[in-house]
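Just protein.pdb here, PDB, C-alpha atoms, pLDDT in the B column:
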MODEL        1
ATOM      1  CA  MET A 298     125.797 -68.966 -16.180  1.00 49.00           C
ATOM      2  CA  LEU A 299     123.326 -68.769 -19.011  1.00 51.00           C
ATOM      3  CA  ARG A 300     125.199 -66.739 -21.563  1.00 55.00           C
ATOM      4  CA  GLY A 301     123.071 -67.318 -24.613  1.00 53.00           C
ATOM      5  CA  LYS A 302     119.694 -67.011 -22.924  1.00 51.00           C
ATOM      6  CA  SER A 303     120.432 -64.081 -20.636  1.00 48.00           C
ATOM      7  CA  ARG A 304     121.778 -61.769 -23.351  1.00 49.00           C
ATOM      8  CA  LEU A 305     119.359 -59.327 -24.905  1.00 51.00           C
ATOM      9  CA  ASN A 306     118.908 -59.954 -28.582  1.00 52.00           C
ATOM     10  CA  VAL A 307     119.274 -56.419 -29.908  1.00 49.00           C
ATOM     11  CA  GLU A 308     118.541 -57.332 -33.511  1.00 50.00           C
ATOM     12  CA  TRP A 309     115.219 -58.854 -32.437  1.00 49.00           C
ATOM     13  CA  LEU A 310     114.170 -55.413 -31.140  1.00 51.00           C
ATOM     14  CA  GLY A 311     114.888 -53.901 -34.539  1.00 54.00           C
ATOM     15  CA  TYR A 312     118.215 -52.357 -33.629  1.00 53.00           C
ATOM     16  CA  SER A 313     121.526 -53.499 -34.891  1.00 55.00           C
ATOM     17  CA  PRO A 314     124.895 -51.805 -34.536  1.00 55.00           C
ATOM     18  CA  GLY A 315     125.043 -51.324 -38.305  1.00 56.00           C
ATOM     19  CA  LEU A 316     121.711 -49.503 -38.392  1.00 53.00           C
ATOM     20  CA  LEU A 317     122.745 -47.234 -35.550  1.00 51.00           C
ATOM     21  CA  LEU A 318     125.953 -46.269 -37.352  1.00 51.00           C
ATOM     22  CA  GLU A 319     124.068 -45.583 -40.593  1.00 56.00           C
ATOM     23  CA  ARG A 320     121.578 -43.383 -38.766  1.00 55.00           C
ATOM     24  CA  ARG A 321     124.355 -41.384 -37.107  1.00 58.00           C
ATOM     25  CA  GLN A 322     125.992 -40.826 -40.494  1.00 59.00           C
ATOM     26  CA  LEU A 323     122.679 -39.675 -41.986  1.00 54.00           C
ATOM     27  CA  LEU A 324     122.044 -37.297 -39.095  1.00 57.00           C
ATOM     28  CA  ALA A 325     125.588 -35.921 -39.289  1.00 59.00           C
ATOM     29  CA  GLY A 326     125.121 -34.988 -42.959  1.00 57.00           C
ATOM     30  CA  ARG A 327     121.877 -33.134 -42.364  1.00 59.00           C
ATOM     31  CA  ALA A 328     121.724 -29.407 -41.758  1.00 54.00           C
ATOM     32  CA  PRO A 329     120.783 -28.505 -38.162  1.00 54.00           C
ATOM     33  CA  ARG A 330     117.293 -27.179 -37.597  1.00 55.00           C
ATOM     34  CA  SER A 331     116.834 -23.655 -36.454  1.00 55.00           C
ATOM     35  CA  PRO A 332     115.791 -23.398 -32.786  1.00 54.00           C
ATOM     36  CA  GLY A 333     113.451 -20.489 -33.616  1.00 57.00           C
ATOM     37  CA  ARG A 334     111.087 -22.782 -35.482  1.00 59.00           C
ATOM     38  CA  ASN A 335     110.827 -25.177 -32.553  1.00 70.00           C
ATOM     39  CA  GLU A 336     110.129 -22.313 -30.147  1.00 74.00           C
ATOM     40  CA  SER A 337     107.473 -20.810 -32.407  1.00 81.00           C
ATOM     41  CA  SER A 338     105.939 -24.240 -32.858  1.00 82.00           C
ATOM     42  CA  LEU A 339     105.855 -24.715 -29.088  1.00 87.00           C
ATOM     43  CA  ALA A 340     104.339 -21.266 -28.569  1.00 89.00           C
ATOM     44  CA  SER A 341     101.723 -21.943 -31.237  1.00 87.00           C
ATOM     45  CA  THR A 342     100.835 -25.276 -29.655  1.00 88.00           C
ATOM     46  CA  LEU A 343     100.578 -23.697 -26.210  1.00 93.00           C
ATOM     47  CA  LYS A 344      98.335 -20.904 -27.511  1.00 93.00           C
ATOM     48  CA  THR A 345      96.072 -23.466 -29.174  1.00 93.00           C
ATOM     49  CA  LEU A 346      95.902 -25.533 -25.998  1.00 94.00           C
ATOM     50  CA  LEU A 347      95.100 -22.509 -23.823  1.00 96.00           C
ATOM     51  CA  PHE A 348      92.475 -21.290 -26.283  1.00 97.00           C
ATOM     52  CA  PHE A 349      90.657 -24.612 -26.302  1.00 97.00           C
ATOM     53  CA  THR A 350      90.997 -24.906 -22.521  1.00 97.00           C
ATOM     54  CA  ALA A 351      89.202 -21.570 -22.175  1.00 98.00           C
ATOM     55  CA  LEU A 352      86.565 -22.738 -24.653  1.00 97.00           C
ATOM     56  CA  MET A 353      86.116 -25.998 -22.762  1.00 97.00           C
ATOM     57  CA  ILE A 354      85.411 -24.100 -19.552  1.00 97.00           C
ATOM     58  CA  THR A 355      83.305 -21.202 -20.793  1.00 98.00           C
ATOM     59  CA  VAL A 356      81.199 -22.594 -23.643  1.00 98.00           C
ATOM     60  CA  PRO A 357      79.475 -25.515 -21.866  1.00 98.00           C
ATOM     61  CA  ILE A 358      78.863 -23.540 -18.653  1.00 98.00           C
ATOM     62  CA  GLY A 359      77.653 -20.500 -20.551  1.00 98.00           C
ATOM     63  CA  LEU A 360      75.376 -22.558 -22.762  1.00 98.00           C
ATOM     64  CA  TYR A 361      74.014 -24.465 -19.785  1.00 98.00           C
ATOM     65  CA  PHE A 362      72.858 -21.379 -17.908  1.00 97.00           C
ATOM     66  CA  THR A 363      71.776 -19.500 -21.035  1.00 97.00           C
ATOM     67  CA  THR A 364      69.661 -22.305 -22.436  1.00 97.00           C
ATOM     68  CA  LYS A 365      68.228 -23.170 -19.022  1.00 97.00           C
ATOM     69  CA  SER A 366      67.085 -19.636 -18.232  1.00 96.00           C
ATOM     70  CA  TYR A 367      66.243 -18.108 -21.577  1.00 97.00           C
ATOM     71  CA  VAL A 368      65.444 -20.971 -23.916  1.00 96.00           C
ATOM     72  CA  PHE A 369      63.899 -23.794 -21.931  1.00 96.00           C
ATOM     73  CA  GLU A 370      62.280 -21.889 -19.055  1.00 96.00           C
ATOM     74  CA  GLY A 371      61.721 -18.596 -20.876  1.00 96.00           C
ATOM     75  CA  ALA A 372      60.802 -19.465 -24.468  1.00 96.00           C
ATOM     76  CA  PHE A 373      59.472 -23.002 -24.043  1.00 96.00           C
ATOM     77  CA  GLY A 374      57.973 -22.534 -20.567  1.00 96.00           C
ATOM     78  CA  MET A 375      59.370 -25.788 -19.199  1.00 96.00           C
ATOM     79  CA  SER A 376      59.489 -26.600 -15.524  1.00 96.00           C
ATOM     80  CA  ASN A 377      62.642 -26.048 -13.516  1.00 94.00           C
ATOM     81  CA  ARG A 378      63.338 -29.774 -13.340  1.00 94.00           C
ATOM     82  CA  ASP A 379      62.938 -30.347 -17.086  1.00 95.00           C
ATOM     83  CA  SER A 380      65.044 -27.323 -17.986  1.00 96.00           C
ATOM     84  CA  TYR A 381      67.963 -28.692 -15.910  1.00 96.00           C
ATOM     85  CA  PHE A 382      67.864 -31.926 -17.859  1.00 96.00           C
ATOM     86  CA  TYR A 383      67.739 -30.401 -21.340  1.00 97.00           C
ATOM     87  CA  ALA A 384      70.307 -27.711 -20.516  1.00 97.00           C
ATOM     88  CA  ALA A 385      72.687 -30.448 -19.349  1.00 98.00           C
ATOM     89  CA  ILE A 386      72.241 -32.223 -22.684  1.00 98.00           C
ATOM     90  CA  VAL A 387      73.117 -28.982 -24.510  1.00 98.00           C
ATOM     91  CA  ALA A 388      76.238 -28.586 -22.331  1.00 98.00           C
ATOM     92  CA  VAL A 389      77.374 -32.152 -23.046  1.00 98.00           C
ATOM     93  CA  VAL A 390      76.904 -31.632 -26.775  1.00 98.00           C
ATOM     94  CA  ALA A 391      78.926 -28.402 -26.499  1.00 98.00           C
ATOM     95  CA  VAL A 392      81.762 -30.287 -24.786  1.00 98.00           C
ATOM     96  CA  HIS A 393      81.832 -32.793 -27.625  1.00 98.00           C
ATOM     97  CA  VAL A 394      81.843 -30.043 -30.251  1.00 98.00           C
ATOM     98  CA  VAL A 395      84.758 -28.258 -28.563  1.00 98.00           C
ATOM     99  CA  LEU A 396      86.678 -31.533 -28.288  1.00 97.00           C
ATOM    100  CA  ALA A 397      86.054 -32.328 -31.949  1.00 97.00           C
ATOM    101  CA  LEU A 398      87.261 -28.859 -32.955  1.00 97.00           C
ATOM    102  CA  PHE A 399      90.383 -29.302 -30.833  1.00 96.00           C
ATOM    103  CA  VAL A 400      91.180 -32.652 -32.449  1.00 95.00           C
ATOM    104  CA  TYR A 401      90.637 -31.163 -35.914  1.00 95.00           C
ATOM    105  CA  VAL A 402      92.904 -28.167 -35.244  1.00 94.00           C
ATOM    106  CA  ALA A 403      95.578 -30.306 -33.575  1.00 89.00           C
ATOM    107  CA  TRP A 404      95.527 -32.791 -36.444  1.00 91.00           C
ATOM    108  CA  ASN A 405      95.923 -30.070 -39.064  1.00 90.00           C
ATOM    109  CA  GLU A 406      98.602 -28.261 -37.061  1.00 84.00           C
ATOM    110  CA  GLY A 407     100.563 -31.483 -36.651  1.00 77.00           C
ATOM    111  CA  SER A 408     100.369 -32.359 -40.336  1.00 78.00           C
ATOM    112  CA  ARG A 409     101.409 -28.805 -41.270  1.00 72.00           C
ATOM    113  CA  GLN A 410     104.435 -28.991 -38.976  1.00 67.00           C
ATOM    114  CA  TRP A 411     105.279 -32.421 -40.346  1.00 74.00           C
ATOM    115  CA  ARG A 412     105.162 -31.108 -43.936  1.00 73.00           C
ATOM    116  CA  GLU A 413     107.385 -28.162 -43.024  1.00 70.00           C
ATOM    117  CA  GLY A 414     109.832 -30.529 -41.364  1.00 71.00           C
ATOM    118  CA  LYS A 415     109.931 -32.756 -44.463  1.00 67.00           C
ATOM    119  CA  GLN A 416     110.852 -29.807 -46.711  1.00 63.00           C
ATOM    120  CA  ASP A 417     114.065 -29.110 -44.768  1.00 53.00           C
TER     121      ASP A 417
ENDMDL
END

Let's see the structure in the file written out as structure tokens.
Amino acid sequence: MLRGKSRLNVEWLGYSPGLLLERRQLLAGRAPRSPGRNESSLASTLKTLLFFTALMITVPIGLYFTTKSYVFEGAFGMSNRDSYFYAAIVAVVAVHVVLALFVYVAWNEGSRQWREGKQD
């Protein structure tokens, strides 16, 4: 049998029995978090996700048909074929704007929750 080579070197992975015991002692001395905060945080995250999901569906589709009919064909007098192309570009830009807004809101919400967690 290969005892030395078949054993997993736990310290190489960054874990040692001493560190695990110290962490347990630190966690035992800490006050427990209230479950209400986690539930409100989850509800807030879900509301944000659903809001941006609705935006992701409605804004690009709405802008596509609105710009195609009223802006490009109506105001600019473009042909049907050209208006499809430019309306698609507007829809793609709208998708990117909604995604950027989602990332911005998620980033700020995560940093806010992290700061609140650090104050405990």

Residues in the PyMOL selection byres ((chain A and resi 356) around 12), expressed as an MDAnalysis selection string: chainID A and resid 348:355 357:364 387:396

Convert the current residue selection to file output with C-alpha atoms, as an mmCIF file, keeping the file's coordinate frame.
data_model
loop_
_atom_site.group_PDB
_atom_site.id
_atom_site.type_symbol
_atom_site.label_atom_id
_atom_site.label_comp_id
_atom_site.auth_asym_id
_atom_site.auth_seq_id
_atom_site.Cartn_x
_atom_site.Cartn_y
_atom_site.Cartn_z
ATOM 1 C CA PHE A 348 92.475 -21.290 -26.283
ATOM 2 C CA PHE A 349 90.657 -24.612 -26.302
ATOM 3 C CA THR A 350 90.997 -24.906 -22.521
ATOM 4 C CA ALA A 351 89.202 -21.570 -22.175
ATOM 5 C CA LEU A 352 86.565 -22.738 -24.653
ATOM 6 C CA MET A 353 86.116 -25.998 -22.762
ATOM 7 C CA ILE A 354 85.411 -24.100 -19.552
ATOM 8 C CA THR A 355 83.305 -21.202 -20.793
ATOM 9 C CA PRO A 357 79.475 -25.515 -21.866
ATOM 10 C CA ILE A 358 78.863 -23.540 -18.653
ATOM 11 C CA GLY A 359 77.653 -20.500 -20.551
ATOM 12 C CA LEU A 360 75.376 -22.558 -22.762
ATOM 13 C CA TYR A 361 74.014 -24.465 -19.785
ATOM 14 C CA PHE A 362 72.858 -21.379 -17.908
ATOM 15 C CA THR A 363 71.776 -19.500 -21.035
ATOM 16 C CA THR A 364 69.661 -22.305 -22.436
ATOM 17 C CA VAL A 387 73.117 -28.982 -24.510
ATOM 18 C CA ALA A 388 76.238 -28.586 -22.331
ATOM 19 C CA VAL A 389 77.374 -32.152 -23.046
ATOM 20 C CA VAL A 390 76.904 -31.632 -26.775
ATOM 21 C CA ALA A 391 78.926 -28.402 -26.499
ATOM 22 C CA VAL A 392 81.762 -30.287 -24.786
ATOM 23 C CA HIS A 393 81.832 -32.793 -27.625
ATOM 24 C CA VAL A 394 81.843 -30.043 -30.251
ATOM 25 C CA VAL A 395 84.758 -28.258 -28.563
ATOM 26 C CA LEU A 396 86.678 -31.533 -28.288
#

Atomic separation - atom CA of Gly414 of chain A relative to atom CA of Asn335 of chain A, Å: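 Spanning atom CA of Asn335 of chain A to atom CA of Gly414 of chain A is a straight-line distance of 10.4 Å.
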
To test the calculation: enclose all listed atoms of segment 370-387 of chain A in a box whose edges run along x, y and z, add 3 Å on each side, then state centre and edge lengths in Å to one decimal, as lines of an AutoDock Vina configuration file.
center_x = 65.5
center_y = -25.4
center_z = -18.9
size_x = 21.1
size_y = 19.6
size_z = 17.2

Distance of atom CA of Tyr367 of chain A from atom CA of Tyr381 of chain A, expressed in Å to one decimal place: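 So the two atoms, atom CA of Tyr381 of chain A and atom CA of Tyr367 of chain A, lie 12.1 Å apart.
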
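Taking atom CA of Arg412 of chain A as the reference point, atom CA of Ala397 of chain A is found at 22.6 Å.
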
Evaluate the PyMOL selection byres ((chain A and resi 405-410) around 10) and report residues as JSON, numbers by chain: {"A": [334, 335, 338, 341, 342, 345, 399, 400, 401, 402, 403, 404, 411, 412, 413, 414, 415]}

Non-local contacts of Ser366 of chain A (10 Å; all atoms listed in the file; under 6 positions in same chain excluded) as a PyMOL selection string: chain A and resi 360+372+374-375+377+380-381+384
